[in-house]
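Enquirer: Sending over my_file20.txt (compact mmCIF, C-alpha atoms).
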# COMPACT_ATOMS: atom_id res chain seq x y z
CA MET P 218 90.33 31.64 176.76
CA GLY P 219 91.66 32.54 180.23
CA ARG P 220 90.48 35.42 182.40
CA ILE P 221 93.50 37.66 181.60
CA GLU P 222 93.08 37.22 177.87
CA ARG P 223 89.35 37.96 178.15
CA LEU P 224 90.15 41.22 179.92
CA ARG P 225 92.57 42.11 177.13
CA VAL P 226 89.87 41.45 174.54
CA GLU P 227 87.41 43.52 176.57
CA MET P 228 89.91 46.40 176.71
CA ARG P 229 90.37 46.33 172.95
CA GLN P 230 86.64 46.19 172.26
CA ASN P 231 85.05 48.32 174.99
CA GLY P 232 87.83 50.21 176.76
CA LEU P 233 88.52 50.63 180.46
CA SER P 234 84.83 50.86 181.41
CA GLY P 235 84.26 47.42 179.91
CA VAL P 236 87.16 45.94 181.88
CA VAL P 237 85.89 47.45 185.14
CA LYS P 238 82.42 46.05 184.48
CA ARG P 239 83.77 42.55 183.77
CA MET P 240 85.88 42.59 186.95
CA PHE P 241 82.88 43.82 188.97
CA TYR P 242 80.84 40.85 187.73
CA PHE P 243 83.64 38.29 188.16
CA LEU P 244 82.80 37.19 191.72
CA PRO P 245 79.00 36.86 191.30
CA ASN P 246 79.63 35.01 188.03
CA LYS P 247 81.87 32.51 189.79
CA ILE P 248 79.27 32.07 192.53
CA LEU P 249 76.56 31.36 189.95
CA ILE P 250 78.69 28.78 188.12
CA LYS P 251 79.59 26.97 191.36
CA ARG P 252 76.00 27.03 192.59
CA ASN P 253 74.74 25.40 189.39
CA ALA P 254 77.50 22.79 189.58
CA ALA P 255 76.44 21.79 193.09
CA ARG P 256 72.71 21.49 192.40
CA THR P 257 71.03 18.17 191.67
CA LEU P 258 68.80 17.84 188.63
CA LYS P 259 65.28 16.47 188.97
CA ASN P 260 63.46 17.64 185.86
CA GLY P 261 64.08 20.29 183.29
CA LEU P 262 61.22 20.62 180.82
CA ASN P 263 57.72 21.99 181.12
CA LYS P 264 54.99 19.42 181.77
CA GLU P 265 51.99 21.76 181.86
CA LYS P 266 49.69 23.11 179.15
CA ARG P 267 50.18 26.74 178.20
CA SER P 268 49.30 29.09 175.37
CA GLU P 269 52.70 29.16 173.65
CA ARG P 270 55.26 26.42 173.13
CA VAL P 271 58.78 27.57 174.09
CA VAL P 272 61.87 25.96 172.57
CA VAL P 273 65.46 26.71 173.56
CA SER P 274 68.00 26.12 170.79
CA LEU P 275 71.77 26.34 170.59
CA THR P 276 74.67 24.96 168.65
CA SER P 277 78.16 23.80 169.53
CA PHE P 278 81.22 21.98 168.20
CA PRO P 279 83.69 19.46 169.69
CA PRO P 280 86.23 21.90 171.26
CA ARG P 281 83.40 23.25 173.44
CA PHE P 282 82.13 19.87 174.64
CA LYS P 283 84.33 19.83 177.74
CA ASN P 284 82.21 22.50 179.44
CA ILE P 285 78.91 22.66 177.55
CA HIS P 286 77.11 20.52 180.14
CA TRP P 287 77.37 23.44 182.61
CA CYS P 288 75.54 25.64 180.10
CA LEU P 289 72.87 22.99 179.49
CA LYS P 290 72.44 22.36 183.19
CA SER P 291 71.74 26.06 183.77
CA LEU P 292 68.99 25.89 181.13
CA LEU P 293 67.41 22.98 182.97
CA PHE P 294 67.29 25.01 186.19
CA GLN P 295 65.25 27.85 184.72
CA THR P 296 62.31 29.23 186.71
CA TYR P 297 60.30 29.24 183.47
CA LYS P 298 60.68 25.75 182.03
CA PRO P 299 60.99 25.43 178.26
CA ASP P 300 59.09 22.73 176.37
CA ARG P 301 62.23 21.64 174.56
CA ILE P 302 66.01 22.13 174.72
CA VAL P 303 67.88 21.08 171.59
CA VAL P 304 71.54 21.30 170.55
CA PHE P 305 72.13 21.32 166.78
CA LEU P 306 75.44 19.90 165.58
CA GLY P 307 77.02 19.95 162.14
CA SER P 308 79.01 17.68 159.87
CA ASP P 309 82.10 18.12 162.09
CA THR P 310 80.40 16.14 164.87
CA THR P 311 79.24 12.58 165.44
CA ARG P 312 77.42 11.13 168.43
CA ASP P 313 80.51 9.27 169.66
CA MET P 314 82.14 12.67 170.29
CA LEU P 315 79.58 13.60 172.96
CA THR P 316 80.90 13.51 176.50
CA PRO P 317 79.34 11.31 179.21
CA GLU P 318 78.14 14.50 180.93
CA MET P 319 76.31 15.57 177.76
CA ILE P 320 74.69 12.17 177.30
CA GLU P 321 73.59 12.11 180.94
CA LEU P 322 71.48 15.21 180.35
CA GLU P 323 69.35 13.44 177.75
CA GLN P 324 67.33 11.84 180.55
CA PHE P 325 66.29 15.35 181.62
CA GLY P 326 65.13 16.33 178.13
CA VAL P 327 68.20 17.71 176.34
CA GLU P 328 68.29 16.64 172.66
CA TYR P 329 71.24 16.47 170.26
CA LYS P 330 70.49 16.72 166.54
CA PHE P 331 73.10 16.06 163.85
CA ASP P 332 73.48 17.21 160.24
CA ASP P 333 76.05 14.90 158.69
CA LYS P 334 76.16 16.83 155.40
CA LEU P 335 76.36 20.53 156.33
CA ASN P 336 78.13 22.69 158.87
CA LEU P 337 76.24 25.96 159.04
CA LYS P 338 78.43 27.27 161.88
CA PRO P 339 76.58 29.66 164.27
CA HIS P 340 73.52 29.69 162.01
CA LYS P 341 72.71 26.18 163.24
CA LYS P 342 71.21 27.63 166.42
CA TYR P 343 68.17 29.01 164.55
CA TYR P 344 68.19 27.45 161.07
CA TYR P 345 66.81 24.01 161.91
CA VAL P 346 64.61 24.76 164.89
CA MET P 347 62.69 27.62 163.27
CA GLN P 348 61.72 25.34 160.39
CA GLU P 349 60.86 22.41 162.67
CA GLU P 350 58.94 24.46 165.24
CA ARG P 351 56.92 26.86 163.12
CA ASN P 352 54.38 27.53 165.87
CA ALA P 353 56.77 27.88 168.80
CA VAL P 354 58.53 30.78 170.46
CA ILE P 355 62.24 30.19 169.85
CA ILE P 356 64.92 31.23 172.33
CA THR P 357 68.53 30.97 171.19
CA VAL P 358 71.51 30.95 173.53
CA ASP P 359 75.27 30.41 173.23
CA ASP P 360 77.07 27.30 174.40
CA ASP P 361 79.87 28.94 176.40
CA SER P 362 77.81 30.66 179.10
CA VAL P 363 75.98 29.75 182.28
CA TYR P 364 72.54 31.34 182.32
CA PRO P 365 70.93 32.93 185.40
CA LYS P 366 67.81 30.99 186.41
CA ASN P 367 65.47 33.84 185.43
CA THR P 368 66.76 34.15 181.85
CA ILE P 369 63.78 32.54 180.10
CA GLU P 370 61.30 34.09 182.52
CA SER P 371 62.62 37.59 181.79
CA LEU P 372 62.52 36.99 178.04
CA MET P 373 58.93 35.75 178.21
CA LYS P 374 57.85 38.67 180.38
CA THR P 375 59.13 41.15 177.79
CA HIS P 376 57.69 39.04 174.96
CA ASN P 377 54.24 39.22 176.55
CA LYS P 378 54.59 43.01 176.67
CA TYR P 379 55.97 43.34 173.12
CA PRO P 380 54.75 40.22 171.25
CA ASP P 381 55.83 41.52 167.83
CA SER P 382 59.43 42.30 168.77
CA ILE P 383 62.68 40.40 169.03
CA CYS P 384 63.51 40.31 172.77
CA ALA P 385 67.14 40.16 173.90
CA ARG P 386 68.97 40.48 177.20
CA ARG P 387 72.05 41.89 175.47
CA VAL P 388 71.66 44.50 172.73
CA HIS P 389 73.87 47.01 170.96
CA LYS P 390 72.67 50.29 169.51
CA ILE P 391 73.60 50.89 165.89
CA ILE P 392 75.39 54.21 165.48
CA ARG P 393 75.15 56.06 162.18
CA LYS P 394 77.33 58.52 160.31
CA PRO P 395 75.92 61.98 159.40
CA ASP P 396 74.84 60.63 155.99
CA GLY P 397 72.75 57.90 157.64
CA SER P 398 75.07 55.00 156.82
CA PHE P 399 76.33 52.70 159.55
CA ALA P 400 79.37 53.65 161.59
CA PRO P 401 82.00 50.92 162.14
CA TYR P 402 80.83 48.17 164.47
CA LYS P 403 83.42 49.12 167.08
CA ASP P 404 81.68 52.50 167.44
CA TRP P 405 78.23 51.05 168.13
CA LYS P 406 76.95 51.51 171.68
CA LYS P 407 77.65 48.18 173.35
CA GLU P 408 75.24 46.68 175.87
CA CYS P 409 72.83 49.56 175.42
CA ARG P 410 70.41 49.96 178.34
CA SER P 411 69.12 53.47 177.67
CA VAL P 412 66.66 52.50 174.91
CA ARG P 413 63.69 50.90 176.70
CA LYS P 414 61.23 50.60 173.81
CA PRO P 415 61.36 48.45 170.65
CA SER P 416 63.74 49.99 168.11
CA ARG P 417 64.91 49.16 164.61
CA ASP P 418 68.37 50.44 165.54
CA LEU P 419 68.96 47.92 168.31
CA ILE P 420 70.63 44.64 167.41
CA ALA P 421 70.22 41.49 169.46
CA VAL P 422 73.48 39.83 170.53
CA GLY P 423 73.11 36.09 170.86
CA VAL P 424 75.17 35.38 173.96
CA GLY P 425 72.65 36.87 176.40
CA GLY P 426 69.66 34.92 175.10
CA VAL P 427 67.35 36.05 172.29
CA LEU P 428 63.62 35.36 171.91
CA TYR P 429 61.99 35.17 168.47
CA PRO P 430 58.18 35.24 168.08
CA LYS P 431 56.70 32.29 166.23
CA CYS P 432 56.87 32.35 162.42
CA CYS P 433 58.68 35.70 162.43
CA PHE P 434 60.94 35.19 159.38
CA SER P 435 60.35 34.74 155.67
CA ASN P 436 61.84 31.79 153.81
CA GLU P 437 64.75 33.98 152.71
CA ALA P 438 66.18 33.82 156.22
CA PHE P 439 66.83 30.10 155.66
CA ASP P 440 68.69 30.47 152.36
CA PHE P 441 71.85 28.80 153.63
CA GLU P 442 73.80 29.27 150.41
CA LYS P 443 73.26 33.03 150.68
CA PHE P 444 74.07 33.46 154.37
CA MET P 445 77.07 31.16 154.20
CA ASP P 446 78.39 33.29 151.35
CA ILE P 447 77.71 36.69 152.93
CA CYS P 448 77.67 36.13 156.70
CA PRO P 449 79.17 32.70 157.44
CA GLY P 450 80.24 33.57 160.99
CA THR P 451 78.09 36.63 161.68
CA ASP P 452 74.61 35.27 162.29
CA ASP P 453 73.59 38.31 164.37
CA ILE P 454 74.18 40.56 161.34
CA TRP P 455 72.30 38.27 158.96
CA LEU P 456 69.31 38.01 161.29
CA LYS P 457 69.21 41.77 161.88
CA PHE P 458 68.67 42.44 158.19
CA MET P 459 66.09 39.63 158.02
CA GLU P 460 64.27 41.25 160.95
CA ILE P 461 64.19 44.62 159.22
CA LYS P 462 62.75 42.96 156.14
CA MET P 463 59.87 41.68 158.29
CA ASN P 464 59.56 45.02 160.15
CA LEU P 465 60.57 43.42 163.43
CA PRO P 466 62.15 45.80 165.98
CA VAL P 467 64.38 44.67 168.84
CA VAL P 468 63.69 45.40 172.49
CA TRP P 469 66.06 45.12 175.44
CA VAL P 470 65.08 42.79 178.27
CA PRO P 471 66.06 44.46 181.58
CA CYS P 472 68.57 42.30 183.46
CA ILE P 473 71.70 42.47 185.58
CA PHE P 474 73.74 39.99 183.56
CA ALA P 475 73.55 41.31 179.99
CA GLN P 476 76.68 39.22 179.40
CA PRO P 477 76.06 35.96 181.32
CA PRO P 478 78.90 34.18 183.15
CA THR P 479 81.33 32.77 180.60
CA LEU P 480 82.84 29.31 180.84
CA GLU P 481 86.56 28.81 180.36
CA GLY P 482 87.48 27.55 176.93
CA ILE P 483 88.39 28.67 173.44
CA ALA P 484 87.78 32.21 172.24
CA SER P 485 84.25 33.09 171.25
CA LEU P 486 83.30 33.74 167.65
CA ASN P 487 82.28 37.27 168.62
CA ASP P 488 85.85 38.05 169.70
CA SER P 489 87.27 37.17 166.29
CA ASN P 490 84.39 38.82 164.43
CA VAL P 491 85.19 42.12 166.14
CA ALA P 492 88.98 41.85 166.21
CA GLU P 493 89.28 40.80 162.56
CA GLY P 494 86.61 43.16 161.24
CA ARG P 495 84.27 40.41 160.03
CA ASN P 496 81.21 42.21 161.36
CA ASP P 497 81.98 45.29 159.25
CA ILE P 498 82.58 43.16 156.15
CA SER P 499 79.21 41.44 156.61
CA ILE P 500 77.44 44.73 157.35
CA SER P 501 78.86 46.25 154.18
CA LYS P 502 77.78 43.30 152.03
CA MET P 503 74.30 43.18 153.55
CA SER P 504 73.86 46.95 153.18
CA GLN P 505 74.73 46.72 149.50
CA LEU P 506 72.24 43.91 149.04
CA TYR P 507 69.35 45.12 151.21
CA GLY P 508 69.99 48.83 151.71
CA VAL P 509 70.19 50.89 154.91
CA TRP P 510 66.93 51.38 156.80
CA LYS P 511 65.65 54.43 158.63
CA ASN P 512 64.93 54.06 162.32
What's the structure tokens form of this structure?

Expert:
Amino acid sequence: MGRIERLRVEMRQNGLSGVVKRMFYFLPNKILIKRNAARTLKNGLNKEKRSERVVVSLTSFPPRFKNIHWCLKSLLFQTYKPDRIVVFLGSDTTRDMLTPEMIELEQFGVEYKFDDKLNLKPHKKYYYVMQEERNAVIITVDDDSVYPKNTIESLMKTHNKYPDSICARRVHKIIRKPDGSFAPYKDWKKECRSVRKPSRDLIAVGVGGVLYPKCCFSNEAFDFEKFMDICPGTDDIWLKFMEIKMNLPVVWVPCIFAQPPTLEGIASLNDSNVAEGRNDISISKMSQLYGVWKN
């Protein structure tokens, strides 16, 4: 998606203030992307002993492979080094589809894992890793962004302060109707920065980077038949209800880039989820199944 089209999407979703904010961030975003492109990799993963294992997980699919190495490279340049970086790929992908740039990053610790039977869409970013790494802190990111070098460090700093919360650099505040039910997703307060404490009415948005404490979900969160039926493309909504079930609030991680620099490419899943009302459909189905919580 080109810059003009992204501004049009921003206007539809968040109005003029959203467009102004995106244009204000355009130049520093470009600088960050170019700076990462020019840097030389030496090592990317943690080599020291520490109290908690930290794993970064994401998913992708072939149309994104042209630019994903810029995303992965930014994760290797983090000031707080993760112990593992893994990309989970579904049945629509085979190893021979990986680009030379993607394969080159394996020597610095990036892993590619394939499921040749299932394609769990965006749910791949947490589904496999949380079952493999039961005793690790899991950080999920999106594949179409370049992450500022302090992303993991900021997430861990907030995690240490609120160890029993989901920590996210980009959050929305759920807005309710007078009867307590959820207002339409378009009316939620986007990129909320005013709530500084853990809240059940904040929802983590994956693109900014989200940290999950170890072993934070019940087995129900990994019922792929259920989430592929109810929330096939809306993993943020599915996980929010799973968090409430485990009494896990969400806390905002203070940062400048709540929406990290976005790489050129195809439209994000979030754009279609909002534009086509998929978020509201999933919210309605999940509310019927699990009820509406009180904050």

Enquirer: Can you tell me, as a PyMOL selection string, which residues sit within 9 Å of (67.5, 30.0, 183.6) in the file's frame, using all atoms listed in the file?

Expert: chain P and resi 291-298+363-370

Enquirer: Include C-alpha atoms and write out the residues we just selected as a compact mmCIF listing (two decimals), in the coordinates of the input.

Expert:
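As written to disk, again_39.txt reads:
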# COMPACT_ATOMS: atom_id res chain seq x y z
CA SER P 291 71.74 26.06 183.77
CA LEU P 292 68.99 25.89 181.13
CA LEU P 293 67.41 22.98 182.97
CA PHE P 294 67.29 25.01 186.19
CA GLN P 295 65.25 27.85 184.72
CA THR P 296 62.31 29.23 186.71
CA TYR P 297 60.30 29.24 183.47
CA LYS P 298 60.68 25.75 182.03
CA VAL P 363 75.98 29.75 182.28
CA TYR P 364 72.54 31.34 182.32
CA PRO P 365 70.93 32.93 185.40
CA LYS P 366 67.81 30.99 186.41
CA ASN P 367 65.47 33.84 185.43
CA THR P 368 66.76 34.15 181.85
CA ILE P 369 63.78 32.54 180.10
CA GLU P 370 61.30 34.09 182.52

Enquirer: List as a Markdown table every residue of segment 331-406 of chain P that is in contact with segment 433-436 of chain P, defined as an atom at most 10 Å from one of its atoms (using all atoms listed in the file), together with the nearest atom pair and the distance in Å rounded to one decimal, sorted by chain and then rising number.

Expert:
| residue | atom | partner | partner_atom | distance |
| --- | --- | --- | --- | --- |
| P:Met347 | CA | P:Phe434 | CA | 8.7 |
| P:Gln348 | CA | P:Asn436 | CA | 9.2 |
| P:Arg351 | CA | P:Cys433 | CA | 9.0 |
| P:Asn352 | CA | P:Cys433 | CA | 9.9 |
| P:Val354 | CA | P:Cys433 | CA | 9.4 |
| P:Ile355 | CA | P:Cys433 | CA | 9.9 |
| P:Asp381 | CA | P:Cys433 | CA | 8.4 |
| P:Ser382 | CA | P:Cys433 | CA | 9.2 |
| P:Ile383 | CA | P:Cys433 | CA | 9.0 |

Enquirer: Write out, as a tab-separated table (two decimals), in the frame of the given file, the residues just selected, with C-alpha atoms.

Expert:
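Result file is part_6.tsv:
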chain	number	residue	atom	x	y	z
P	347	MET	CA	62.69	27.62	163.27
P	348	GLN	CA	61.72	25.34	160.39
P	351	ARG	CA	56.92	26.86	163.12
P	352	ASN	CA	54.38	27.53	165.87
P	354	VAL	CA	58.53	30.78	170.46
P	355	ILE	CA	62.24	30.19	169.85
P	381	ASP	CA	55.83	41.52	167.83
P	382	SER	CA	59.43	42.30	168.77
P	383	ILE	CA	62.68	40.40	169.03

Enquirer: Which of these, P:Arg387, P:Gln505, P:Lys457, P:Phe331, has the shortest distance to Ile473 of chain P once you count all atoms listed in the file?

Expert: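 Among the listed residues, P:Arg387 lies closest to Ile473 of chain P.
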
Enquirer: How many Å lie between atom CA of Ala400 of chain P and atom CA of Val509 of chain P, rounded to one decimal?

Expert: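 Pair atom CA of Ala400 of chain P / atom CA of Val509 of chain P returns 11.7 Å.
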
Enquirer: May I ask which of the residues P:Val424, P:Ile454, P:Met503, P:Leu419 is the closest one to Trp469 of chain P, counting all atoms listed in the file?

Expert: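 So, comparing all the options, the nearest one is P:Leu419.
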
Enquirer: Show which residues sit within 9 Å of segment 287-289 of chain P, as a list of chain:residue names. Count only C-alpha atoms, and ignore same-chain residues fewer than 6 positions away.

Expert: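 Returned residues: P:Ile250, P:Asn253, P:Ala254, P:Ile302, P:Met319, P:Leu322, P:Val327, P:Asp359, P:Asp360, P:Asp361, P:Ser362, P:Val363, P:Tyr364, P:Leu480.
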
Enquirer: Check the smallest atom-to-atom distance from each of P:Phe325, P:Glu442, P:Gln476, P:Arg301 to Lys407 of chain P using only C-alpha atoms, then report the winner.

Expert: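 Among P:Phe325, P:Glu442, P:Gln476, P:Arg301, it is P:Gln476 that comes nearest to Lys407 of chain P.
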
Enquirer: Ranking P:Leu372, P:Met314, P:Ala385, P:Val303 by minimum distance to Pro280 of chain P and counting all atoms listed in the file, which one comes first?

Expert: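 Comparing P:Leu372, P:Met314, P:Ala385, P:Val303 against Pro280 of chain P, the winner is P:Met314.
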
Enquirer: Tell me, in Å to one decimal, how far atom CA of Lys290 of chain P is from atom CA of Val304 of chain P.

Expert: 12.7 Å

Enquirer: When you draw a straight line from atom CA of Lys266 of chain P to atom CA of Tyr343 of chain P, how long is it in Å?

Expert: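 Here the two named atoms are 24.3 Å from each other.
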
Enquirer: Out of P:Pro279, P:Gly494, P:Gly508, P:Pro430, which residue has the shortest atom-to-atom distance to Gly450 of chain P when counting all atoms listed in the file?

Expert: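 Of all the options, P:Gly494 lies closest to Gly450 of chain P.
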
Enquirer: Nearest to Lys342 of chain P: which of P:Pro401, P:Pro478, P:Gly307, P:Pro299 is it, counting all atoms listed in the file?

Expert: P:Gly307

Enquirer: As a count of residues only, please: the residues near segment 394-398 of chain P (cut-off 12 Å, all atoms listed in the file, same-chain neighbours under 3 positions excluded).

Expert: 15

Enquirer: Residues proximal to (75.6, 37.6, 155.4) were defined as those with any atom within 12 Å of that point in the file's coordinates, counting only C-alpha atoms. Which are they, as JSON, numbers by chain?

Expert: {"P": [339, 340, 437, 438, 439, 440, 441, 442, 443, 444, 445, 446, 447, 448, 449, 450, 451, 452, 453, 454, 455, 456, 457, 458, 459, 495, 496, 497, 498, 499, 500, 501, 502, 503, 504, 505, 506, 507]}

Enquirer: Need to verify the contact set: Ile356 of chain P, 6 Å, all atoms listed in the file, exclusion of same-chain residues closer than 6 positions in sequence. Can you return it as a list in words?

Expert: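 Everything that qualifies: Val273, Val427 and Leu428 of chain P.
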